[in-house]
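Student: Take this structure first; my questions come after.
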Amino acid sequence: MIFQIECDRVLTPLCYITHNTLQLLLHLDFDSLKLPFFNLHRGSKESSRTSHVAADRLKGMQESVWVEFIRLAQEVKPVNLGQGFPDFAAPEFVTKALSDAVTGPNVLLNQYTRGFGHLRLVNALSKLYSKLLGRELDPLTEILVTVGAYEALYCTIMALVNPGDEVIIIEPFFDCYEPMTKMAGGIPVFVPLRPKKTHGPISSADWVLDPKEFASKFTNKTKMIIVNTPHNPLGKVFTRSELEMIAELCKKHNVICVMDEVYEWLVFKGSEHIRMATLPGMWERTITVGSAGKTFSVTGWKLGWLYGPHELTRPAQLLHQNCVYTCATPIQEAVAVGFEIEMERMGTPDSYWQDLIETLEPKRDRMAKFLTTVGMAPTVPEGGYFMIADFSEIGSKVNLDSEQGTKDYRFVKWLSRNKKLQGIPPSAFYCNEHKNLGEDYIRFCFFKEETTLEKAEKIIVDLKKSLT
Amino acid sequence: MVTLLVFRTMKRLNLCKLLLDKYVVLNLKSYRSVGFDVLSSRTSHVVADRLNGIQENVWVELIELAKEVKPVNLGQGFPDFAAPEFITKALRDALKQPDIFLNQYTRSYGHPRLVNALSKLYSKLLCRELDPLNEILVTIGADEAIYCTIMALVNPGDEVIIIEPFFDIYEPVTKMAGGIPVFVPLRPKKTHGPISSADWVLDPKELASKFTNKTKMIIVNTPNNPLGKVFTRSELEMIAELCKKHNVICVMDEVYEWLVFKGSEHIRMATLPGMWERTLTIGSAGKTFSITGWKIGWLYGPRELTKFPQLLHENCISSCATPLQEAIAVGLEIENEHMGTPESYWRDLVDTLEPKRDRMAKFLTTVGMAPTVPEGGYFMMADVSEIASKIDLDAETGMKDYRFVKWLCRNKKLQGIPISAFYCNEHRNLGENFIRFCFCKEETTLEKAEQIIMDLKNSLL
């Protein structure tokens, strides 16, 4: 009977009822109630366990793009410009700090530390960011240390987004924003950056939001917007006026601004990283996320943080407490030491971050050059260590029929299997409806040894020759 | 009719009751301006509902007190002596190795070297081939294993049976998933004379009555924190029968699996007939190698169950720290070789802890704090009612055990943990006579604790 609704999938939307959902039910739009739901009665011993095992919050979740392409890379062993991490050694001053932490005389560095962040680390973060924000950041109440920027984003979204809340996500987006929003029951609302030119050298600065289109995405259900600057995969560094445009809308619509600033130290000549939290009226509604992995080239350490006003960090702290409880002590100790060292030499020639930029900029230029030479039009990034390139000209000369998926997925797999060069398909960074916006592009990471980039260059140049 | 439909269905769900009051009954005073009024103060509608009722846990308050008072700390469960050298050396070596990828991202569901080592170890212990890729997930400590398991499998309205006293995160995570925790206590079957954790038992009728057609999951912790109880085969069989009868998933928190004292045996639920397919088992490197601060744990079970926490983990944490996983893999490879021999670290740990346990049980008994002698783990509960009745606890606030713990910390500089924290609100009285002490401490720490306890007794005569 239709009124004996006891199965999970109908109960879930009822449970998380919002104003609009209640209205929908009161109007009883039966066409939208899918009949198969009614068969999944939990009490039925005859029903297969597996069919009702998983929680609804996992509905629609699939393996991420990384899992598929890591597997491919393991199979093919290509020159890997796919996933974003360096293929050279992490800086010694941090690895030494970790080694010292675990083998040193302070035995408690191998035991539990403070849940919201190891004291030495939150103090270092407070010192650093207080300077950069021009305000005193309370280390205990305004900072949370997390398992990478990933967990910072997860805790922020799960702690602040209710079912029915809209979350604006700017495309192309780092792929976790969408599934995290959905897991919280939120509704992702996508708005793309588009290149304002199609010919000639393209910079990531040329990828812009359309102000009208952007403003139209804010509704009375908008809870949050997620902005990534410097941006992955574009490398765009949002300008002050672009951030101000976003800020005005956030203030007008009372929206929380989540700033994913993991590449904050990797900004090339001519650009400046601006922190949304420093804009007028934005401190009280902004959570900013950072990453030790990107800061010190130790992506495998999985340590990150978020900071913001206590009203916003507190819910994230509580969620973190019940999710992982605390992060690894020796790693936090080592990252704290790394920050103490870097803070001393910030702005000087000894700065690791300065050295990183000076190492990466020529790599960026080298890659942009060889991609251009072969007719793969790159977007030259202003920050970060990724570059996207339009491969459609080359792609049209290659038979991609043996592969499956959108055009860029097929090209990336073909390139990996046949030419042993791996990138990442950017349509993974678009919602389903907008995948076409990404399907002419491929993303490469240039944070690699010179020898790796040489090999990549050779493969690309040979590919071009083989097609002429 | 429609309103009746909505009304009746929603009445079944505690989670919805609050909302129902607001929408259908239209109680304007309690009408929260959730997202409706953009002019309303931001803070009032900021937080997601899943955090309703979630507060800072017991550890935060007591850690703050410990920082202030600097007591002899037998509270939180970690050793105050060095972690074993073969593990810390393994991490140091991982960092120096030419394989620079040990500092970069590794496989999301678990670093290959570690899942292979876990597979090798547990395949032996489970007597079945454990698929390292599909039947294991590496997590941020056992905490995240519990989080991913519950969040991936519990829907709003699902009931989750939790045995009291329980490790404190089971309840808030169940609630965050929209689940309904259903509590059933272990009770001591004797009140006089020496009490062992084996004397704390479930009432079979009471346990059976907790299983309904809404029961999705039961969480069992063995060896148990805080009791130290090691569930016997027949106790596990009783639970297993109910799980099979009611089609319930069994989550086994077995983090103290290596810390079982003479006379007891750790039995894995996953090895009982008909239980592999419905059991997820959780382990912890922190407890395994005395490195609680490394926060690496794992869960294993049939693919049909593990794939869901794997998916949740992938979208929550993404992957765990590579160098830590590498070092733990090395540690497991070494221990795998040494298991059952005099070189075994786990044997050494048990041989070290057992006399500490006995020492603590003795001095607690001497002073009239009746201990429950644990069969496993490294915690001991003691009944403080006799001693507490001779002390003026009025200066402190909270339940009796909280007041005693805070008084003991402030006035005698000895810290324990109040046991009512491990009970649901309705059953807190079951824990309020007890304190928990950790005995995984240096001899000097235990000497100081003993001295404080003896002085306390003398001062009350």
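Residues in the structure tokens are named by chain (A, B, ... in the order shown) and by number from 1 within that chain; ligands are numbered from 1 in the order shown.
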DSSP on the backbone: what in segment 119-299 of chain B comes out alpha helix (DSSP H), as JSON, numbers by chain?

Tutor: {"B": [119, 120, 121, 122, 123, 124, 125, 126, 141, 142, 143, 144, 145, 146, 147, 148, 149, 150, 151, 152, 153, 170, 171, 172, 173, 174, 175, 176, 204, 205, 206, 207, 208, 209, 233, 234, 235, 236, 237, 238, 239, 240, 241, 242, 243, 244, 245, 246, 285, 286, 287, 288]}

Student: For atom CA of Gly308 of chain A and atom CA of Arg285 of chain A, quote the distance in Å rounded to one decimal.

Tutor: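 Distance reported for this atom pair: 7.9 Å.
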
Student: Which residues, written as number ranges by chain, have at least one atom at most 7 Å from Pro425 of chain A, with only C-alpha atoms counted and residues fewer than 6 positions away on the same chain left out?

Tutor: A: 408-409, 412, 441-443

Student: With C-alpha atoms retained, export the selected residues as a tab-separated table (two decimals), in the first residue's frame.

Tutor:
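Now in again.tsv:
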chain	number	residue	atom	x	y	z
A	408	ASP	CA	38.98	13.76	-23.08
A	409	TYR	CA	38.72	10.48	-21.12
A	412	VAL	CA	43.88	10.47	-21.96
A	441	TYR	CA	41.18	19.50	-22.70
A	442	ILE	CA	43.81	17.48	-20.92
A	443	ARG	CA	45.48	18.40	-17.62

Student: From a DSSP pass on the backbone, collect the residues of segment 173-413 of chain B flagged as strand (DSSP E) and hand them back as an MDAnalysis selection string.

Tutor: chainID B and resid 180:185 187:188 195:196 200:201 215:221 249:253 279:284 297:300 370:373 379:383
